[in-house]
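Source file model28.txt; content: compact mmCIF, C-alpha atoms.
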# COMPACT_ATOMS: atom_id res chain seq x y z
CA MET A 1 -7.84 12.07 16.83
CA SER A 2 -6.31 12.07 20.30
CA THR A 3 -2.70 13.07 20.91
CA ARG A 4 -1.93 9.50 21.99
CA SER A 5 -3.33 8.14 18.72
CA GLN A 6 -1.36 10.67 16.71
CA LEU A 7 1.81 9.71 18.56
CA LEU A 8 1.19 6.02 17.87
CA ASP A 9 0.45 6.62 14.18
CA VAL A 10 3.57 8.71 13.64
CA ALA A 11 5.79 6.35 15.65
CA ALA A 12 4.41 3.36 13.73
CA GLU A 13 5.18 5.05 10.41
CA LEU A 14 8.71 5.85 11.59
CA VAL A 15 9.31 2.25 12.72
CA ARG A 16 7.87 0.88 9.47
CA THR A 17 10.13 3.11 7.37
CA ARG A 18 13.24 3.56 9.55
CA GLY A 19 13.16 0.83 12.18
CA TYR A 20 12.93 1.00 15.96
CA ASN A 21 16.48 2.21 16.34
CA GLY A 22 16.09 4.73 13.51
CA PHE A 23 13.80 7.20 15.25
CA SER A 24 13.71 9.22 18.44
CA TYR A 25 11.16 11.12 20.49
CA ALA A 26 12.48 14.27 18.79
CA ASP A 27 11.36 12.85 15.41
CA VAL A 28 7.90 12.08 16.77
CA SER A 29 7.69 15.46 18.51
CA GLN A 30 8.53 17.31 15.31
CA ARG A 31 6.00 15.43 13.18
CA VAL A 32 3.12 15.62 15.66
CA GLY A 33 3.89 19.18 16.74
CA VAL A 34 4.12 18.51 20.48
CA ARG A 35 6.93 18.81 22.96
CA LYS A 36 8.90 15.70 23.93
CA ALA A 37 7.47 16.09 27.44
CA SER A 38 4.01 15.40 25.99
CA ILE A 39 5.27 12.16 24.49
CA HIS A 40 6.80 11.16 27.83
CA HIS A 41 3.44 11.87 29.46
CA HIS A 42 1.82 9.18 27.29
CA PHE A 43 4.85 6.90 26.93
CA PRO A 44 7.43 7.40 29.71
CA THR A 45 10.04 5.34 27.84
CA LYS A 46 10.72 4.28 24.29
CA GLU A 47 10.08 0.71 25.46
CA ALA A 48 6.59 1.74 26.62
CA LEU A 49 6.01 3.33 23.22
CA GLY A 50 7.29 0.17 21.48
CA LEU A 51 4.95 -2.04 23.51
CA ALA A 52 2.00 0.21 22.74
CA LEU A 53 2.92 0.18 19.03
CA VAL A 54 2.99 -3.60 18.87
CA ASP A 55 -0.23 -3.95 20.90
CA ASP A 56 -1.98 -1.46 18.62
CA TYR A 57 -0.64 -3.23 15.52
CA ILE A 58 -1.81 -6.61 16.80
CA THR A 59 -5.28 -5.19 17.41
CA ARG A 60 -5.44 -3.67 13.93
CA PHE A 61 -4.12 -6.81 12.27
CA ASP A 62 -6.58 -8.98 14.22
CA LEU A 63 -9.42 -6.78 12.96
CA ALA A 64 -8.13 -7.15 9.40
CA LEU A 65 -7.98 -10.93 9.78
CA GLU A 66 -11.51 -10.97 11.20
CA ALA A 67 -12.67 -8.93 8.21
CA ILE A 68 -10.98 -11.38 5.85
CA ARG A 69 -12.79 -14.31 7.47
CA GLY A 70 -16.09 -12.46 7.20
CA ALA A 71 -15.61 -11.40 3.59
CA HIS A 72 -14.20 -14.62 2.11
CA ALA A 73 -15.77 -18.05 2.42
CA THR A 74 -12.92 -20.20 1.12
CA ALA A 75 -9.48 -20.86 2.53
CA GLN A 76 -7.92 -19.94 -0.82
CA ALA A 77 -9.63 -16.56 -0.88
CA GLN A 78 -8.71 -15.92 2.76
CA LEU A 79 -5.03 -16.74 2.14
CA HIS A 80 -5.00 -14.53 -0.93
CA ALA A 81 -6.56 -11.66 1.04
CA TYR A 82 -3.93 -12.18 3.75
CA VAL A 83 -1.15 -11.82 1.17
CA GLN A 84 -2.83 -8.63 -0.06
CA LEU A 85 -2.38 -7.07 3.40
CA TYR A 86 1.38 -7.32 2.91
CA ARG A 87 1.15 -6.17 -0.69
CA ALA A 88 -0.72 -3.06 0.43
CA SER A 89 2.13 -2.27 2.84
CA LEU A 90 4.58 -2.65 -0.01
CA LEU A 91 2.59 -0.30 -2.23
CA ASP A 92 2.49 2.20 0.66
CA GLY A 93 6.28 2.00 0.90
CA LYS A 94 6.18 0.56 4.40
CA GLY A 95 7.25 -2.69 5.98
CA CYS A 96 5.19 -4.76 8.37
CA LEU A 97 5.74 -3.13 11.75
CA CYS A 98 6.48 -6.43 13.48
CA GLY A 99 8.56 -7.66 10.55
CA VAL A 100 10.75 -4.57 10.80
CA LEU A 101 11.00 -5.05 14.56
CA ALA A 102 11.86 -8.74 14.10
CA ALA A 103 14.82 -7.69 11.94
CA GLU A 104 16.08 -5.70 14.95
CA ILE A 105 15.17 -8.32 17.56
CA ASP A 106 18.63 -8.46 19.14
CA SER A 107 18.59 -4.75 19.94
CA LEU A 108 14.99 -4.47 21.13
CA PRO A 109 13.98 -4.29 24.78
CA ALA A 110 12.99 -7.78 25.97
CA GLU A 111 9.29 -6.94 26.42
CA VAL A 112 9.03 -5.47 22.93
CA ALA A 113 10.76 -8.54 21.49
CA ARG A 114 8.25 -10.81 23.29
CA SER A 115 5.37 -8.78 21.88
CA VAL A 116 6.77 -9.15 18.37
CA GLU A 117 6.97 -12.91 18.91
CA ARG A 118 3.34 -12.86 20.07
CA PHE A 119 2.34 -11.16 16.80
CA LEU A 120 4.23 -13.68 14.69
CA THR A 121 2.79 -16.61 16.66
CA ARG A 122 -0.74 -15.28 16.13
CA GLN A 123 -0.10 -14.97 12.40
CA VAL A 124 1.11 -18.57 12.11
CA GLN A 125 -1.89 -19.77 14.15
CA TRP A 126 -4.37 -17.93 11.91
CA LEU A 127 -2.72 -19.18 8.74
CA SER A 128 -2.48 -22.74 10.09
CA GLU A 129 -6.20 -22.75 10.86
CA ARG A 130 -7.09 -21.54 7.35
CA ILE A 131 -4.77 -24.10 5.74
CA ALA A 132 -6.08 -26.96 7.91
CA ALA A 133 -9.66 -26.03 7.03
CA GLY A 134 -8.79 -25.95 3.32
CA GLN A 135 -7.02 -29.30 3.54
CA ALA A 136 -9.96 -30.85 5.41
CA THR A 137 -12.38 -29.91 2.64
CA GLY A 138 -9.96 -30.85 -0.15
CA GLU A 139 -9.87 -27.26 -1.34
CA LEU A 140 -6.15 -27.05 -0.59
CA THR A 141 -4.08 -29.98 -1.77
CA ALA A 142 -0.75 -28.91 -0.33
CA ILE A 143 1.00 -31.77 1.36
CA GLY A 144 2.40 -30.79 4.69
CA GLU A 145 1.53 -29.97 8.23
CA PRO A 146 -0.63 -26.80 8.37
CA ARG A 147 1.66 -25.10 10.89
CA ALA A 148 4.72 -25.59 8.67
CA LEU A 149 2.79 -24.30 5.65
CA GLY A 150 1.56 -21.32 7.70
CA GLU A 151 5.13 -20.55 8.76
CA ALA A 152 6.21 -20.77 5.12
CA LEU A 153 3.51 -18.35 3.98
CA LEU A 154 4.32 -15.88 6.76
CA ALA A 155 8.03 -16.11 5.91
CA ILE A 156 7.34 -15.56 2.20
CA CYS A 157 5.13 -12.54 2.91
CA GLN A 158 7.63 -10.99 5.31
CA GLY A 159 10.69 -11.78 3.18
CA ALA A 160 9.12 -10.81 -0.14
CA LEU A 161 7.95 -7.54 1.39
CA LEU A 162 11.45 -6.78 2.65
CA VAL A 163 13.21 -7.69 -0.59
CA SER A 164 10.64 -5.99 -2.82
CA ARG A 165 10.77 -2.80 -0.72
CA SER A 166 14.53 -2.66 -1.21
CA ARG A 167 14.08 -3.04 -4.96
CA VAL A 168 10.94 -0.88 -5.17
CA ASP A 169 9.41 -3.73 -7.16
CA ALA A 170 5.98 -5.20 -6.45
CA ALA A 171 6.44 -7.75 -9.24
CA GLY A 172 8.98 -9.70 -7.18
CA PHE A 173 6.56 -9.82 -4.26
CA ASP A 174 3.82 -11.05 -6.57
CA ARG A 175 6.00 -13.78 -8.08
CA ALA A 176 7.10 -15.09 -4.68
CA THR A 177 3.64 -15.15 -3.11
CA ARG A 178 1.99 -16.49 -6.26
CA ALA A 179 4.46 -19.38 -6.36
CA LEU A 180 3.68 -20.44 -2.81
CA LEU A 181 -0.08 -19.97 -3.06
CA GLY A 182 -0.02 -21.83 -6.37
CA SER A 183 1.64 -24.78 -4.69
CA PHE A 184 -1.23 -25.06 -2.21
CA SER A 185 -3.69 -26.02 -4.93
CA GLN A 186 -4.05 -25.86 -8.66
CA HIS A 187 -7.10 -23.67 -8.13
CA ALA A 188 -5.11 -21.24 -5.96
CA ARG A 189 -3.41 -19.94 -9.10
CA GLU A 190 -6.57 -18.04 -9.94
CA PHE A 191 -5.94 -15.88 -6.88
CA ALA A 192 -2.54 -14.65 -8.13
CA ALA A 193 -1.91 -11.01 -7.26
Let me see the file written as structure tokens.
Amino acid sequence: MSTRSQLLDVAAELVRTRGYNGFSYADVSQRVGVRKASIHHHFPTKEALGLALVDDYITRFDLALEAIRGAHATAQAQLHAYVQLYRASLLDGKGCLCGVLAAEIDSLPAEVARSVERFLTRQVQWLSERIAAGQATGELTAIGEPRALGEALLAICQGALLVSRSRVDAAGFDRATRALLGSFSQHAREFAA
């Protein structure tokens, strides 16, 4: 693994567990075992590091979403698999990188904040497309505009992850996501976490 990749992985873990404002280059330096000057070589500023973190996270999440589409034929199964991405973060004791950053949006550099918004917009778009497809086939019976339902599912995943992390309780996450997925269709209940 390259030094740049190691720096990104460690910084991502620190953001996901402490927040953007809760870590410094000294923290990254200590964990990776390089001097701060090496970090500045790859990322001259913390903003540059933040942008790289979000870009890397978007790429990884896009690959996960592509894998979900390839592995699951139905909208219900795809939405359930999406929820499981957040559940896996919870079980790892980490928040969604962009969800954590969104909680700090007012103190982020403007470019990092715009990148976080880009991530969230992409999530809503992906969810909206899955929901619209499920509604078109009658698989999903939820009444509502797909974008609003996608925003609701993203909000539930992000919020339930945050609340359940604070309680160290996956059951609360499961109840919240199951309730929303169950409202999409009677058959969606079979995909409860």
>> Residues near segment 146-162 of chain A, anyone? I mean within 6 Å using all atoms listed in the file, not counting same-chain ones fewer than 4 positions away, as an MDAnalysis selection string.
In response: chainID A and resid 124 127:128 131:132 173
> Of the residues A:Leu120, A:Leu101, A:Leu181, A:Ile68, which is the one nearest to Gly22 of chain A, using only C-alpha atoms?
Replying inline: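 Of A:Leu120, A:Leu101, A:Leu181, A:Ile68, the one nearest Gly22 of chain A is A:Leu101, counting only C-alpha atoms.
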> For Arg165 of chain A, which of A:Thr141, A:Thr121, A:Ser89, A:Ser5 is the closest residue, counting only C-alpha atoms?
Replying inline: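 Going through A:Thr141, A:Thr121, A:Ser89, A:Ser5 one by one, the smallest distance to Arg165 of chain A is for A:Ser89.
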> So what do you get for atom CA of Gly182 of chain A versus atom CA of Leu91 of chain A, distance-wise?
Replying inline: 22.1 Å
> Which neighbours of Asn21 of chain A fall inside 10 Å, counting all atoms listed in the file, when residues of the same chain fewer than 3 positions from it are skipped, and could you give them as a list in words?
Replying inline: Leu14, Val15, Arg18, Ser24, Leu101, Glu104, Ser107 and Leu108 of chain A
>> I'd like the contact shell of His41 of chain A - 12 Å cut-off, all atoms listed in the file, skipping same-chain residues fewer than 6 positions apart - returned as a ChimeraX atom specification.
In response: /A:3-4,7,25,34-35,48-49
>> Rounded to one decimal, what separation in Å do you get between atom CA of Arg175 of chain A and atom CA of Tyr86 of chain A?
In response: 13.6 Å
> Which distance in Å separates atom CA of Gln30 of chain A and atom CA of Ile58 of chain A, to one decimal?
Replying inline: 26.1 Å
Could you work out an axis-aligned box for segment 160-175 of chain A, taking every atom the file lists and adding 6 Å on each side, and report centre and edge lengths in Å to one decimal, as JSON?
{"center_x": 9.2, "center_y": -7.3, "center_z": -3.3, "size_x": 22.7, "size_y": 24.9, "size_z": 23.9}
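When only C-alpha atoms are used to compute distances to Ala136 of chain A, the closest of the residues A:Ala75, A:Ala67, A:Leu53, A:Ala103 turns out to be A:Ala75.
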> Smallest atom-to-atom distance to Arg60 of chain A: which of A:Val28, A:Phe119, A:Gly19, A:Trp126, using all atoms listed in the file?
Replying inline: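 Using all atoms listed in the file, the shortest distance to Arg60 of chain A belongs to A:Phe119.
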File for segment 34-99 of chain A (C-alpha atoms), as an mmCIF file, in the first residue's frame:
data_model
loop_
_atom_site.group_PDB
_atom_site.id
_atom_site.type_symbol
_atom_site.label_atom_id
_atom_site.label_comp_id
_atom_site.auth_asym_id
_atom_site.auth_seq_id
_atom_site.Cartn_x
_atom_site.Cartn_y
_atom_site.Cartn_z
ATOM 1 C CA VAL A 34 5.836 9.202 8.890
ATOM 2 C CA ARG A 35 6.863 12.762 9.547
ATOM 3 C CA LYS A 36 4.303 15.547 9.144
ATOM 4 C CA ALA A 37 6.397 16.835 6.238
ATOM 5 C CA SER A 38 5.572 13.619 4.363
ATOM 6 C CA ILE A 39 1.872 14.271 4.844
ATOM 7 C CA HIS A 40 2.288 17.835 3.581
ATOM 8 C CA HIS A 41 4.068 16.428 0.525
ATOM 9 C CA HIS A 42 0.918 14.496 -0.416
ATOM 10 C CA PHE A 43 -1.639 16.912 1.039
ATOM 11 C CA PRO A 44 -0.272 20.464 1.433
ATOM 12 C CA THR A 45 -3.267 21.510 3.560
ATOM 13 C CA LYS A 46 -5.874 19.846 5.699
ATOM 14 C CA GLU A 47 -8.433 21.056 3.147
ATOM 15 C CA ALA A 48 -6.566 19.177 0.405
ATOM 16 C CA LEU A 49 -6.612 16.078 2.610
ATOM 17 C CA GLY A 50 -10.340 16.565 3.283
ATOM 18 C CA LEU A 51 -11.097 16.848 -0.434
ATOM 19 C CA ALA A 52 -9.078 13.728 -1.179
ATOM 20 C CA LEU A 53 -10.882 11.864 1.624
ATOM 21 C CA VAL A 54 -14.310 12.730 0.265
ATOM 22 C CA ASP A 55 -13.312 11.949 -3.333
ATOM 23 C CA ASP A 56 -11.909 8.584 -2.259
ATOM 24 C CA TYR A 57 -15.027 7.853 -0.195
ATOM 25 C CA ILE A 58 -17.305 8.735 -3.114
ATOM 26 C CA THR A 59 -15.340 6.387 -5.368
ATOM 27 C CA ARG A 60 -15.529 3.549 -2.845
ATOM 28 C CA PHE A 61 -19.223 4.107 -2.182
ATOM 29 C CA ASP A 62 -19.960 4.242 -5.924
ATOM 30 C CA LEU A 63 -18.222 0.887 -6.327
ATOM 31 C CA ALA A 64 -20.302 -0.544 -3.478
ATOM 32 C CA LEU A 65 -23.497 0.749 -5.095
ATOM 33 C CA GLU A 66 -22.456 -0.729 -8.437
ATOM 34 C CA ALA A 67 -21.839 -4.064 -6.705
ATOM 35 C CA ILE A 68 -25.278 -3.885 -5.101
ATOM 36 C CA ARG A 69 -26.922 -3.333 -8.484
ATOM 37 C CA GLY A 70 -24.990 -6.257 -9.932
ATOM 38 C CA ALA A 71 -25.732 -8.622 -7.068
ATOM 39 C CA HIS A 72 -29.428 -7.863 -6.476
ATOM 40 C CA ALA A 73 -32.125 -7.900 -9.132
ATOM 41 C CA THR A 74 -34.965 -6.278 -7.209
ATOM 42 C CA ALA A 75 -35.351 -2.772 -5.857
ATOM 43 C CA GLN A 76 -36.227 -4.181 -2.428
ATOM 44 C CA ALA A 77 -33.050 -6.234 -2.265
ATOM 45 C CA GLN A 78 -30.971 -3.284 -3.483
ATOM 46 C CA LEU A 79 -32.433 -0.956 -0.839
ATOM 47 C CA HIS A 80 -31.857 -3.551 1.849
ATOM 48 C CA ALA A 81 -28.240 -4.000 0.727
ATOM 49 C CA TYR A 82 -27.818 -0.213 0.802
ATOM 50 C CA VAL A 83 -28.998 -0.116 4.424
ATOM 51 C CA GLN A 84 -26.517 -2.887 5.216
ATOM 52 C CA LEU A 85 -23.639 -0.615 4.133
ATOM 53 C CA TYR A 86 -24.559 1.725 6.982
ATOM 54 C CA ARG A 87 -25.127 -1.154 9.382
ATOM 55 C CA ALA A 88 -21.633 -2.459 8.632
ATOM 56 C CA SER A 89 -20.213 0.961 9.550
ATOM 57 C CA LEU A 90 -22.135 0.825 12.803
ATOM 58 C CA LEU A 91 -20.801 -2.628 13.623
ATOM 59 C CA ASP A 92 -17.274 -1.358 12.855
ATOM 60 C CA GLY A 93 -17.823 1.494 15.320
ATOM 61 C CA LYS A 94 -17.518 4.147 12.630
ATOM 62 C CA GLY A 95 -19.818 6.745 11.184
ATOM 63 C CA CYS A 96 -20.326 7.437 7.507
ATOM 64 C CA LEU A 97 -17.429 9.711 6.561
ATOM 65 C CA CYS A 98 -19.672 12.203 4.769
ATOM 66 C CA GLY A 99 -22.336 11.964 7.469
#
